[in-house]
file entry33.cif (mmCIF, C-alpha atoms and all ligand atoms)
data_work
#
loop_
_atom_site.label_atom_id
_atom_site.label_comp_id
_atom_site.auth_asym_id
_atom_site.auth_seq_id
_atom_site.Cartn_x
_atom_site.Cartn_y
_atom_site.Cartn_z
CA MET F 153 0.00 0.00 0.00
CA ASN F 154 1.14 3.48 -0.84
CA THR F 155 0.57 6.19 1.70
CA TRP F 156 0.44 9.67 0.30
CA ASN F 157 -0.44 12.13 3.00
CA GLU F 158 0.22 15.43 1.35
CA THR F 159 -2.74 17.79 1.24
CA PRO F 160 -4.45 17.40 -2.11
CA THR F 161 -3.58 20.10 -4.59
CA ASP F 162 -6.25 22.69 -5.23
CA LEU F 163 -7.04 22.11 -8.88
CA THR F 164 -9.62 24.88 -9.26
CA GLU F 165 -7.05 27.11 -10.91
CA PHE F 166 -6.36 24.57 -13.64
CA LEU F 167 -8.68 25.68 -16.41
CA ASN F 168 -7.23 23.82 -19.38
CA LEU F 169 -4.56 21.28 -20.27
CA ALA F 170 -1.93 23.97 -20.85
CA ASP F 171 -2.27 24.99 -17.19
CA PHE F 172 -1.28 21.47 -16.16
CA GLU F 173 1.86 21.52 -18.28
CA GLU F 174 2.80 24.96 -17.00
CA LYS F 175 2.44 23.91 -13.34
CA ALA F 176 4.05 20.51 -13.92
CA VAL F 177 7.37 22.14 -14.82
CA GLU F 178 7.56 23.53 -11.29
CA ARG F 179 6.46 20.32 -9.56
CA MET F 180 8.33 17.58 -11.34
CA SER F 181 12.00 16.77 -11.09
CA LYS F 182 13.85 18.14 -14.10
CA MET F 183 14.64 14.58 -15.12
CA ALA F 184 10.99 13.51 -15.07
CA TYR F 185 9.68 16.66 -16.76
CA GLU F 186 12.22 16.44 -19.56
CA TYR F 187 11.43 12.74 -20.01
CA VAL F 188 7.72 13.44 -20.43
CA ALA F 189 7.88 16.66 -22.43
CA SER F 190 10.66 15.86 -24.84
CA GLY F 191 10.44 14.53 -28.36
CA ALA F 192 12.90 12.96 -30.75
CA ALA F 193 15.83 14.84 -32.30
CA ASP F 194 14.82 18.41 -33.29
CA GLU F 195 11.25 17.91 -32.05
CA LEU F 196 9.69 18.92 -35.37
CA THR F 197 7.02 16.21 -35.28
CA ILE F 198 6.06 17.12 -31.73
CA GLN F 199 5.48 20.72 -32.93
CA TRP F 200 3.62 19.61 -36.06
CA ASN F 201 1.22 17.46 -34.03
CA ARG F 202 -0.02 20.69 -32.47
CA GLN F 203 0.34 23.01 -35.45
CA ALA F 204 -1.69 20.69 -37.67
CA PHE F 205 -4.62 20.72 -35.25
CA ASP F 206 -4.43 24.50 -34.96
CA ALA F 207 -4.49 24.91 -38.76
CA ILE F 208 -7.83 23.07 -39.07
CA LYS F 209 -10.82 25.41 -38.89
CA LEU F 210 -14.29 24.42 -37.75
CA ASN F 211 -17.63 25.05 -39.41
CA PRO F 212 -20.26 26.06 -36.82
CA THR F 213 -23.97 25.36 -37.19
CA VAL F 214 -26.36 27.85 -35.57
CA LEU F 215 -29.90 27.36 -34.23
CA ASN F 216 -29.36 23.61 -34.19
CA GLY F 217 -31.32 22.77 -31.05
CA VAL F 218 -28.55 20.61 -29.51
CA GLY F 219 -28.65 21.01 -25.72
CA GLN F 220 -26.92 18.13 -23.96
CA PRO F 221 -24.84 16.12 -26.42
CA ASP F 222 -24.43 12.36 -26.07
CA THR F 223 -20.71 11.50 -26.08
CA ARG F 224 -21.10 7.71 -25.92
CA ILE F 225 -19.28 5.51 -28.40
CA SER F 226 -19.17 1.82 -29.06
CA LEU F 227 -15.71 0.32 -29.33
CA LEU F 228 -14.72 -3.33 -29.76
CA GLY F 229 -18.08 -4.53 -28.54
CA HIS F 230 -18.29 -2.26 -25.52
CA GLU F 231 -20.06 1.01 -24.90
CA LEU F 232 -17.89 3.80 -23.48
CA PRO F 233 -19.33 7.02 -22.03
CA HIS F 234 -16.90 9.18 -24.04
CA PRO F 235 -14.17 8.78 -26.67
CA ILE F 236 -11.16 9.92 -24.60
CA LEU F 237 -8.71 7.19 -23.51
CA ILE F 238 -5.53 7.37 -21.45
CA ALA F 239 -2.55 6.59 -23.69
CA PRO F 240 0.10 4.17 -22.42
CA THR F 241 2.99 6.03 -20.81
CA ALA F 242 5.90 4.50 -18.95
CA TYR F 243 7.23 5.10 -15.43
CA HIS F 244 4.38 6.83 -13.56
CA GLN F 245 6.25 6.56 -10.26
CA ILE F 246 8.74 9.19 -11.41
CA MET F 247 5.78 11.54 -11.97
CA HIS F 248 3.92 10.93 -8.69
CA PRO F 249 4.65 8.67 -5.69
CA GLU F 250 1.39 6.77 -6.19
CA GLY F 251 2.28 6.15 -9.80
CA GLU F 252 -0.05 3.96 -11.85
CA LEU F 253 -2.44 3.43 -8.92
CA ALA F 254 -3.27 7.12 -8.97
CA THR F 255 -3.68 6.96 -12.74
CA ALA F 256 -6.08 4.04 -12.39
CA ARG F 257 -8.14 5.85 -9.76
CA GLY F 258 -8.15 9.02 -11.83
CA ALA F 259 -9.24 7.09 -14.91
CA GLY F 260 -12.00 5.43 -12.90
CA ALA F 261 -13.40 8.75 -11.69
CA ALA F 262 -13.32 10.08 -15.27
CA SER F 263 -14.88 6.90 -16.72
CA ALA F 264 -11.91 6.56 -19.04
CA VAL F 265 -10.24 3.45 -20.42
CA TYR F 266 -6.64 3.32 -19.16
CA VAL F 267 -4.09 1.68 -21.46
CA VAL F 268 -1.40 0.41 -19.09
CA SER F 269 2.18 0.59 -20.44
CA SER F 270 4.42 -2.49 -20.54
CA PHE F 271 6.77 -0.22 -18.58
CA THR F 272 4.37 0.26 -15.68
CA THR F 273 6.16 0.79 -12.39
CA THR F 274 3.28 -0.87 -10.50
CA PRO F 275 2.38 -4.55 -10.99
CA LEU F 276 -0.61 -5.10 -13.23
CA ALA F 277 -2.31 -7.10 -10.46
CA GLU F 278 -2.37 -4.04 -8.19
CA ILE F 279 -3.58 -1.74 -10.95
CA ALA F 280 -6.37 -4.18 -11.77
CA GLN F 281 -7.47 -4.24 -8.12
CA THR F 282 -7.66 -0.45 -8.05
CA ALA F 283 -9.26 0.13 -11.45
CA THR F 284 -13.00 0.69 -11.70
CA GLN F 285 -13.04 1.27 -15.46
CA PRO F 286 -11.74 -0.96 -18.25
CA LEU F 287 -8.00 -1.46 -18.62
CA TRP F 288 -6.22 -2.21 -21.86
CA PHE F 289 -2.61 -3.38 -21.99
CA GLN F 290 0.13 -1.89 -24.20
CA LEU F 291 2.62 -4.51 -25.29
CA TYR F 292 6.25 -4.16 -26.18
CA VAL F 293 7.20 -7.44 -27.83
CA ARG F 294 10.54 -8.87 -26.77
CA ASP F 295 12.74 -11.49 -28.32
CA ASP F 296 11.63 -14.27 -26.02
CA ARG F 297 8.31 -15.59 -27.34
CA GLU F 298 7.43 -17.39 -24.11
CA TYR F 299 7.95 -14.16 -22.21
CA THR F 300 5.64 -12.33 -24.61
CA ARG F 301 2.99 -15.04 -24.50
CA ASN F 302 3.04 -15.08 -20.69
CA LEU F 303 2.75 -11.31 -20.52
CA ILE F 304 -0.27 -11.27 -22.82
CA GLN F 305 -1.86 -14.07 -20.83
CA GLU F 306 -1.21 -12.24 -17.57
CA ALA F 307 -2.79 -9.07 -18.96
CA GLU F 308 -5.82 -11.05 -20.08
CA ALA F 309 -6.04 -12.88 -16.75
CA ARG F 310 -6.04 -9.50 -14.96
CA GLY F 311 -9.03 -8.45 -17.01
CA CYS F 312 -7.41 -6.21 -19.62
CA ARG F 313 -9.91 -5.96 -22.45
CA ALA F 314 -7.53 -5.32 -25.34
CA ILE F 315 -3.85 -5.57 -26.24
CA CYS F 316 -2.22 -2.63 -28.03
CA ILE F 317 0.99 -3.77 -29.68
CA THR F 318 3.30 -0.82 -30.17
CA VAL F 319 4.77 -1.21 -33.65
CA ASP F 320 6.64 2.08 -34.09
CA THR F 321 9.54 1.46 -31.71
CA ALA F 322 11.89 -1.11 -33.30
CA VAL F 323 14.54 1.14 -31.76
CA PRO F 324 13.96 4.09 -29.44
CA GLY F 325 14.18 7.49 -31.13
CA VAL F 326 17.07 9.93 -30.93
CA ARG F 327 16.17 11.35 -27.55
CA ASN F 328 18.73 14.10 -27.20
CA ARG F 329 16.70 16.25 -24.85
CA GLN F 330 15.78 13.30 -22.61
CA GLU F 331 19.48 12.46 -22.32
CA LYS F 332 20.41 16.06 -21.55
CA GLY F 333 17.77 15.99 -18.80
CA GLY F 334 19.80 13.22 -17.16
CA PHE F 335 17.22 10.47 -17.55
CA ASN F 336 17.84 7.78 -14.97
CA LEU F 337 15.37 5.63 -13.06
CA PRO F 338 15.77 5.79 -9.27
CA ASP F 339 16.60 2.38 -7.77
CA HIS F 340 13.22 1.98 -6.07
CA VAL F 341 11.34 2.40 -9.36
CA ILE F 342 10.92 -1.04 -10.89
CA THR F 343 9.37 -2.03 -14.20
CA HIS F 344 7.90 -5.32 -12.99
CA HIS F 345 6.79 -6.62 -16.37
CA MET F 346 9.68 -5.39 -18.51
CA PRO F 347 13.08 -5.94 -16.95
CA GLY F 348 15.82 -4.13 -18.83
CA PRO F 349 15.74 -1.09 -21.07
CA LEU F 350 13.63 -0.32 -24.12
CA ASN F 351 16.32 -1.19 -26.63
CA GLU F 352 16.43 -4.90 -25.91
CA LYS F 353 13.38 -5.54 -28.00
CA LYS F 354 13.32 -7.37 -31.26
CA PRO F 355 12.40 -5.85 -34.64
CA LEU F 356 8.86 -7.01 -35.22
CA THR F 357 7.41 -8.37 -38.46
CA TRP F 358 3.83 -9.00 -39.60
CA LYS F 359 4.42 -12.67 -38.76
CA ASP F 360 4.75 -11.75 -35.08
CA ILE F 361 1.36 -10.05 -35.21
CA GLU F 362 -0.21 -13.15 -36.74
CA TRP F 363 1.45 -15.28 -34.08
CA ILE F 364 0.02 -13.11 -31.27
CA ASN F 365 -3.39 -13.11 -32.93
CA SER F 366 -3.34 -16.90 -33.00
CA PHE F 367 -3.61 -17.17 -29.21
CA ALA F 368 -4.77 -13.76 -27.90
CA LYS F 369 -8.27 -13.96 -26.43
CA THR F 370 -8.80 -10.20 -26.45
CA PRO F 371 -8.79 -7.84 -29.44
CA VAL F 372 -5.32 -6.89 -30.71
CA LEU F 373 -4.75 -3.30 -31.86
CA LEU F 374 -1.63 -1.99 -33.59
CA LYS F 375 -0.36 1.30 -32.20
CA GLY F 376 1.91 3.47 -34.31
CA ILE F 377 0.60 3.20 -37.87
CA LEU F 378 0.82 6.32 -40.02
CA ASN F 379 0.04 5.38 -43.61
CA ALA F 380 -2.62 3.62 -45.64
CA GLU F 381 -0.33 0.81 -46.83
CA ASP F 382 0.51 -0.31 -43.29
CA ALA F 383 -3.13 0.12 -42.30
CA GLU F 384 -4.16 -2.27 -45.06
CA LYS F 385 -1.56 -4.80 -43.89
CA ALA F 386 -2.85 -4.45 -40.35
CA VAL F 387 -6.36 -5.33 -41.48
CA GLN F 388 -4.98 -8.29 -43.47
CA ALA F 389 -2.97 -9.47 -40.43
CA GLY F 390 -6.18 -9.66 -38.43
CA ALA F 391 -5.82 -6.58 -36.22
CA SER F 392 -9.02 -5.58 -34.41
CA GLY F 393 -8.07 -1.91 -34.47
CA ILE F 394 -5.41 0.62 -35.43
CA ILE F 395 -4.02 3.53 -33.46
CA VAL F 396 -2.68 6.24 -35.76
CA SER F 397 0.25 7.52 -33.74
CA ASN F 398 3.74 8.94 -34.09
CA HIS F 399 4.45 8.12 -30.45
CA GLY F 400 3.89 11.74 -29.47
CA GLY F 401 6.81 12.83 -31.67
CA ARG F 402 9.25 10.77 -29.61
CA ASN F 403 10.49 8.25 -32.15
CA LEU F 404 11.12 9.20 -35.78
CA ASP F 405 11.39 12.94 -36.07
CA THR F 406 9.89 14.62 -39.17
CA VAL F 407 7.13 12.06 -39.70
CA PRO F 408 3.87 13.98 -40.22
CA ALA F 409 1.35 15.11 -37.65
CA THR F 410 -1.08 12.34 -36.78
CA ILE F 411 -4.13 14.47 -37.59
CA ASP F 412 -2.71 14.89 -41.13
CA ALA F 413 -2.06 11.14 -41.44
CA LEU F 414 -5.46 10.10 -40.06
CA PRO F 415 -7.82 10.76 -43.03
CA ARG F 416 -5.88 8.57 -45.46
CA VAL F 417 -5.69 5.72 -42.98
CA ALA F 418 -9.40 6.04 -42.21
CA ASP F 419 -10.27 6.13 -45.92
CA ARG F 420 -8.31 2.96 -46.63
CA VAL F 421 -9.65 1.08 -43.61
CA ASN F 422 -13.14 2.20 -44.62
CA GLY F 423 -14.86 1.05 -41.45
CA ARG F 424 -13.53 -2.52 -41.46
CA ILE F 425 -11.94 -2.00 -38.03
CA PRO F 426 -11.96 1.02 -35.69
CA VAL F 427 -9.23 3.62 -36.17
CA LEU F 428 -8.08 5.50 -33.08
CA MET F 429 -5.51 8.29 -32.95
CA ASP F 430 -3.21 10.09 -30.55
CA GLY F 431 -0.69 12.95 -30.67
CA GLY F 432 -1.30 16.56 -29.76
CA ILE F 433 -4.84 16.30 -28.36
CA ARG F 434 -5.04 19.27 -25.97
CA ARG F 435 -8.55 20.69 -26.49
CA GLY F 436 -12.06 19.38 -26.93
CA THR F 437 -12.01 20.83 -30.43
CA ASP F 438 -9.03 18.56 -31.19
CA VAL F 439 -11.13 15.54 -30.17
CA LEU F 440 -13.94 16.79 -32.42
CA LYS F 441 -11.54 17.26 -35.36
CA ALA F 442 -10.04 13.80 -34.91
CA ILE F 443 -13.48 12.19 -34.89
CA ALA F 444 -14.52 14.26 -37.92
CA LEU F 445 -11.47 13.00 -39.81
CA GLY F 446 -12.12 9.36 -39.07
CA ALA F 447 -11.12 8.48 -35.49
CA ARG F 448 -13.50 6.42 -33.37
CA ALA F 449 -11.67 7.56 -30.22
CA VAL F 450 -8.54 9.41 -29.15
CA LEU F 451 -5.81 8.83 -26.59
CA VAL F 452 -4.04 11.43 -24.48
CA GLY F 453 -0.42 11.01 -23.34
CA LYS F 454 1.57 13.95 -22.03
CA PRO F 455 -1.36 15.89 -20.50
CA VAL F 456 -2.29 12.86 -18.37
CA CYS F 457 1.32 12.66 -17.13
CA PHE F 458 1.19 16.34 -16.20
CA GLY F 459 -2.18 15.87 -14.52
CA LEU F 460 -0.74 12.98 -12.51
CA ALA F 461 2.29 15.06 -11.51
CA CYS F 462 0.18 18.06 -10.44
CA GLY F 463 -2.64 16.33 -8.63
CA GLY F 464 -2.31 12.56 -8.57
CA ALA F 465 -5.60 10.79 -9.28
CA ALA F 466 -7.58 14.04 -9.13
CA GLY F 467 -5.25 15.61 -11.67
CA VAL F 468 -5.72 12.72 -14.09
CA THR F 469 -9.50 12.96 -13.66
CA LYS F 470 -9.49 16.69 -14.25
CA VAL F 471 -7.46 16.43 -17.46
CA ILE F 472 -9.98 13.97 -18.93
CA GLU F 473 -12.99 15.90 -17.63
CA LEU F 474 -11.75 19.19 -19.07
CA LEU F 475 -11.38 17.57 -22.48
CA LYS F 476 -14.81 15.96 -22.23
CA THR F 477 -16.50 19.22 -21.22
CA GLU F 478 -14.76 21.07 -24.05
CA LEU F 479 -15.83 18.34 -26.47
CA GLU F 480 -19.45 18.74 -25.35
CA ILE F 481 -19.30 22.50 -25.92
CA ALA F 482 -17.79 21.96 -29.37
CA MET F 483 -20.55 19.45 -30.20
CA ILE F 484 -23.26 21.91 -29.18
CA LEU F 485 -21.74 24.74 -31.19
CA THR F 486 -21.38 22.56 -34.30
CA GLY F 487 -24.84 21.06 -33.88
CA ARG F 488 -23.81 17.46 -33.29
CA ALA F 489 -26.02 15.67 -30.77
CA THR F 490 -24.09 12.39 -30.95
CA ILE F 491 -20.55 11.28 -31.79
CA PRO F 492 -21.56 9.48 -35.02
CA GLN F 493 -23.00 12.79 -36.24
CA ILE F 494 -19.49 14.31 -36.21
CA ASP F 495 -18.48 13.94 -39.86
CA ARG F 496 -16.15 15.81 -42.19
CA SER F 497 -18.70 18.59 -42.68
CA VAL F 498 -17.74 20.03 -39.27
CA ILE F 499 -14.40 20.98 -40.86
CA TRP F 500 -14.30 24.36 -42.63
CA LYS F 501 -13.24 23.77 -46.23
C1 LIG N 1 6.26 9.97 -20.99
C2 LIG N 1 5.75 9.14 -22.12
C3 LIG N 1 5.94 7.77 -22.06
C4 LIG N 1 5.43 6.97 -23.08
N1 LIG N 1 5.55 5.62 -22.96
C5 LIG N 1 4.96 4.83 -23.89
C6 LIG N 1 4.96 3.43 -23.73
O1 LIG N 1 5.46 2.89 -22.75
N2 LIG N 1 4.39 2.69 -24.71
C7 LIG N 1 3.80 3.25 -25.82
O2 LIG N 1 3.29 2.54 -26.69
N3 LIG N 1 3.76 4.60 -25.98
C8 LIG N 1 4.32 5.38 -25.05
N4 LIG N 1 4.25 6.74 -25.20
C9 LIG N 1 3.50 7.33 -26.33
C10 LIG N 1 2.03 7.57 -25.96
O3 LIG N 1 1.35 6.35 -25.80
C11 LIG N 1 1.27 8.38 -27.02
O4 LIG N 1 1.43 7.77 -28.29
C12 LIG N 1 1.70 9.84 -27.11
O5 LIG N 1 2.10 10.35 -25.87
C13 LIG N 1 0.53 10.67 -27.65
O6 LIG N 1 0.88 11.99 -27.85
P1 LIG N 1 0.58 13.17 -26.78
O7 LIG N 1 1.59 13.00 -25.70
O8 LIG N 1 0.80 14.41 -27.59
O9 LIG N 1 -0.84 13.03 -26.30
C14 LIG N 1 4.77 7.56 -24.19
C15 LIG N 1 4.61 8.94 -24.23
C16 LIG N 1 5.08 9.73 -23.21
C17 LIG N 1 4.86 11.21 -23.28
O1 LIG N 2 9.24 6.95 -23.57
C1 LIG N 2 8.57 6.37 -24.42
O2 LIG N 2 7.98 6.99 -25.31
C2 LIG N 2 8.44 4.93 -24.42
O3 LIG N 2 7.68 4.44 -25.20
C3 LIG N 2 9.20 4.08 -23.49
C4 LIG N 2 9.06 2.74 -23.57
C5 LIG N 2 9.77 1.92 -22.75
C6 LIG N 2 10.62 2.41 -21.83
C7 LIG N 2 10.76 3.74 -21.73
C8 LIG N 2 10.04 4.58 -22.56
#

call {"tool": "encode", "arguments": {"input": "entry33.cif", "output": "structure tokens", "more": "lines below"}}
Ligand SMILES: Cc1cc2nc3c(=O)[nH]c(=O)nc-3n(C[C@H](O)[C@H](O)[C@H](O)COP(=O)(O)O)c2cc1C
Ligand SMILES: O=C(O)C(=O)c1ccccc1
result
Amino acid sequence: MNTWNETPTDLTEFLNLADFEEKAVERMSKMAYEYVASGAADELTIQWNRQAFDAIKLNPTVLNGVGQPDTRISLLGHELPHPILIAPTAYHQIMHPEGELATARGAGAASAVYVVSSFTTTPLAEIAQTATQPLWFQLYVRDDREYTRNLIQEAEARGCRAICITVDTAVPGVRNRQEKGGFNLPDHVITHHMPGPLNEKKPLTWKDIEWINSFAKTPVLLKGILNAEDAEKAVQAGASGIIVSNHGGRNLDTVPATIDALPRVADRVNGRIPVLMDGGIRRGTDVLKAIALGARAVLVGKPVCFGLACGGAAGVTKVIELLKTELEIAMILTGRATIPQIDRSVIWK
């Protein structure tokens, strides 16, 4: 059991996701902040993820009679109250002493699916005991097939409802800024399910995906697809879903913004499997734009880490709730009563 006796942070002054990032700089160790905030190399992709959202204009609809929008979605056979998921991020114990347990509680209070990273610093069993909302598991595939099979089976046994295989990290990116920040895990922070560093993984092939699909009992999603050709292969390999992602700009610098990559992937997939996206979601209008351009749901990475650092579970909850409230406002002002009504006509051409 963790005991965390500090007075809870007053979060009333946090009005948007940018406020969390601004305050997180002061609260986190330099090492942890630089780890979370940094991107690969010259950080062009990390900037483009945001700039591309900002460049998309919305088309309002007046006198539309929408009062309280319905944000529910159906995803992989389940109904979710809203389309905002918590992206897998490693090492929550360097962000807050309660680590992933706070994230799980925060996700529960915000009715959000929490995708637990392979590099969780809390055992999955403890997270599963704390969680009150669905968990998914993010998988880094390692060389040892038995290890990978056991990890998937453990995640499934703990009740995780989907496996997201991260396919964009055959090697870690050129993380100059993370290195300059002195990245180094304290001795007491242990990655229970992933001993050893990120770069001991094997280069994956489509055959590995088919192998995992042959025994996985839960839906398998591929996280880190950016173009239509790979999306088509994912469908052919039997994936149950795709997450359009550039890993938050942390891996291959100068790949495009995910919101620019999304429409082509969505067009090619053409509804055969759900397409999710992440990268740069900071406002409810970003969620609306992603759905308009073909995403069934979105995931949020860095802002959740900053929420966790600023306010533990309550900070995580507030980050998700702010986005959801902003999404509802954007739905009202564009005249969309339900998520399926958000189509490309909400984008200003
Ligand atoms: C601190 C941090 C750690 C991350 N760790 C993982 C991870 O363990 N596995 C993974 O698939 N993606 C990881 N990611 C990528 C996120 O899942 C997600 O793709 C990205 O953060 C989305 O962009 P955003 O931060 O702009 O929301 C990490 C991202 C951050 C910021
Ligand atoms: O930092 C990351 O983006 C990431 O994916 C990761 C994965 C494993 C270990 C450390 C970081």

call {"tool": "residues_near_ligand", "arguments": {"input": "entry33.cif", "ligand": "ligand LIG 2 (chain N)", "cutoff": "9 Å", "atoms": "only C-alpha atoms and all ligand atoms", "output": "list in words"}}
result
Tyr187, Val188, Gly191, Pro240, Thr241, Ala242, Tyr243, Ser269, Ser270, Phe271, Tyr292, Thr318, Thr321, Pro324, Gly325, Thr343, Met346, Gly348, Pro349, Leu350, Asn351, His399, Gly400, Gly401, Arg402 and Asn403 of chain F

call {"tool": "axis_aligned_box", "arguments": {"input": "entry33.cif", "around": "ligand LIG 1 (chain N)", "padding_each_side": "4 Å", "output": "lines of an AutoDock Vina configuration file"}}
result
center_x = 2.7
center_y = 8.5
center_z = -24.6
size_x = 15.1
size_y = 19.9
size_z = 15.3

call {"tool": "residues_near_point", "arguments": {"input": "entry33.cif", "point": "(-4.9, 26.2, -16.0)", "cutoff": "12 Å", "atoms": "all atoms listed in the file", "output": "ChimeraX atom specification"}}
result
/F:162-176,455,458-459,462,467,470-471,474

call {"tool": "write_last_selection", "arguments": {"input": "entry33.cif", "atoms": "C-alpha atoms", "output": "PDB file, in the coordinates of the input"}}
result
ATOM      1  CA  ASP F 162      -6.250  22.690  -5.230  1.00  0.00           C
ATOM      2  CA  LEU F 163      -7.040  22.110  -8.880  1.00  0.00           C
ATOM      3  CA  THR F 164      -9.620  24.880  -9.260  1.00  0.00           C
ATOM      4  CA  GLU F 165      -7.050  27.110 -10.910  1.00  0.00           C
ATOM      5  CA  PHE F 166      -6.360  24.570 -13.640  1.00  0.00           C
ATOM      6  CA  LEU F 167      -8.680  25.680 -16.410  1.00  0.00           C
ATOM      7  CA  ASN F 168      -7.230  23.820 -19.380  1.00  0.00           C
ATOM      8  CA  LEU F 169      -4.560  21.280 -20.270  1.00  0.00           C
ATOM      9  CA  ALA F 170      -1.930  23.970 -20.850  1.00  0.00           C
ATOM     10  CA  ASP F 171      -2.270  24.990 -17.190  1.00  0.00           C
ATOM     11  CA  PHE F 172      -1.280  21.470 -16.160  1.00  0.00           C
ATOM     12  CA  GLU F 173       1.860  21.520 -18.280  1.00  0.00           C
ATOM     13  CA  GLU F 174       2.800  24.960 -17.000  1.00  0.00           C
ATOM     14  CA  LYS F 175       2.440  23.910 -13.340  1.00  0.00           C
ATOM     15  CA  ALA F 176       4.050  20.510 -13.920  1.00  0.00           C
ATOM     16  CA  PRO F 455      -1.360  15.890 -20.500  1.00  0.00           C
ATOM     17  CA  PHE F 458       1.190  16.340 -16.200  1.00  0.00           C
ATOM     18  CA  GLY F 459      -2.180  15.870 -14.520  1.00  0.00           C
ATOM     19  CA  CYS F 462       0.180  18.060 -10.440  1.00  0.00           C
ATOM     20  CA  GLY F 467      -5.250  15.610 -11.670  1.00  0.00           C
ATOM     21  CA  LYS F 470      -9.490  16.690 -14.250  1.00  0.00           C
ATOM     22  CA  VAL F 471      -7.460  16.430 -17.460  1.00  0.00           C
ATOM     23  CA  LEU F 474     -11.750  19.190 -19.070  1.00  0.00           C
TER      24      LEU F 474
END

call {"tool": "closest_residue", "arguments": {"input": "entry33.cif", "among": "F:Ala389, F:Ala256, F:Val427, F:Val268", "to": "ligand LIG 1 (chain N)", "atoms": "all atoms listed in the file"}}
result
F:Val268

call {"tool": "closest_residue", "arguments": {"input": "entry33.cif", "among": "F:Glu480, F:Asp206, F:Glu252, F:Asp320", "to": "ligand LIG 1 (chain N)", "atoms": "only C-alpha atoms and all ligand atoms"}}
result
F:Asp320

call {"tool": "closest_residue", "arguments": {"input": "entry33.cif", "among": "F:Ser181, F:Thr406, F:Ser263, F:Gln290", "to": "Phe335 in chain F", "atoms": "all atoms listed in the file"}}
result
F:Ser181

call {"tool": "closest_residue", "arguments": {"input": "entry33.cif", "among": "F:Arg424, F:His248, F:Lys209, F:His345", "to": "Thr437 in chain F", "atoms": "all atoms listed in the file"}}
result
F:Lys209

call {"tool": "closest_residue", "arguments": {"input": "entry33.cif", "among": "F:Ala261, F:Ile443, F:Val421, F:Ile411", "to": "Ile208 in chain F", "atoms": "all atoms listed in the file"}}
result
F:Ile411

call {"tool": "atom_distance", "arguments": {"input": "entry33.cif", "atom1": "CA of Ser190 in chain F", "atom2": "CA of Gly431 in chain F"}}
result
13.1 Å

call {"tool": "residues_around", "arguments": {"input": "entry33.cif", "residues": "Val439 in chain F", "least_positions_apart": "3", "cutoff": "10 Å", "atoms": "only C-alpha atoms", "output": "PyMOL selection string"}}
result
chain F and resi 205+235-236+429-430+432-436+442-445+447-452+475-476+478-479+482

call {"tool": "write_last_selection", "arguments": {"input": "entry33.cif", "atoms": "C-alpha atoms", "output": "PDB file, in the coordinates of the input"}}
result
ATOM      1  CA  PHE F 205      -4.620  20.720 -35.250  1.00  0.00           C
ATOM      2  CA  PRO F 235     -14.170   8.780 -26.670  1.00  0.00           C
ATOM      3  CA  ILE F 236     -11.160   9.920 -24.600  1.00  0.00           C
ATOM      4  CA  MET F 429      -5.510   8.290 -32.950  1.00  0.00           C
ATOM      5  CA  ASP F 430      -3.210  10.090 -30.550  1.00  0.00           C
ATOM      6  CA  GLY F 432      -1.300  16.560 -29.760  1.00  0.00           C
ATOM      7  CA  ILE F 433      -4.840  16.300 -28.360  1.00  0.00           C
ATOM      8  CA  ARG F 434      -5.040  19.270 -25.970  1.00  0.00           C
ATOM      9  CA  ARG F 435      -8.550  20.690 -26.490  1.00  0.00           C
ATOM     10  CA  GLY F 436     -12.060  19.380 -26.930  1.00  0.00           C
ATOM     11  CA  ALA F 442     -10.040  13.800 -34.910  1.00  0.00           C
ATOM     12  CA  ILE F 443     -13.480  12.190 -34.890  1.00  0.00           C
ATOM     13  CA  ALA F 444     -14.520  14.260 -37.920  1.00  0.00           C
ATOM     14  CA  LEU F 445     -11.470  13.000 -39.810  1.00  0.00           C
ATOM     15  CA  ALA F 447     -11.120   8.480 -35.490  1.00  0.00           C
ATOM     16  CA  ARG F 448     -13.500   6.420 -33.370  1.00  0.00           C
ATOM     17  CA  ALA F 449     -11.670   7.560 -30.220  1.00  0.00           C
ATOM     18  CA  VAL F 450      -8.540   9.410 -29.150  1.00  0.00           C
ATOM     19  CA  LEU F 451      -5.810   8.830 -26.590  1.00  0.00           C
ATOM     20  CA  VAL F 452      -4.040  11.430 -24.480  1.00  0.00           C
ATOM     21  CA  LEU F 475     -11.380  17.570 -22.480  1.00  0.00           C
ATOM     22  CA  LYS F 476     -14.810  15.960 -22.230  1.00  0.00           C
ATOM     23  CA  GLU F 478     -14.760  21.070 -24.050  1.00  0.00           C
ATOM     24  CA  LEU F 479     -15.830  18.340 -26.470  1.00  0.00           C
ATOM     25  CA  ALA F 482     -17.790  21.960 -29.370  1.00  0.00           C
TER      26      ALA F 482
END

call {"tool": "atom_distance", "arguments": {"input": "entry33.cif", "atom1": "atom C6 of ligand LIG 1 (chain N)", "atom2": "CA of Lys369 in chain F"}}
result
22.0 Å
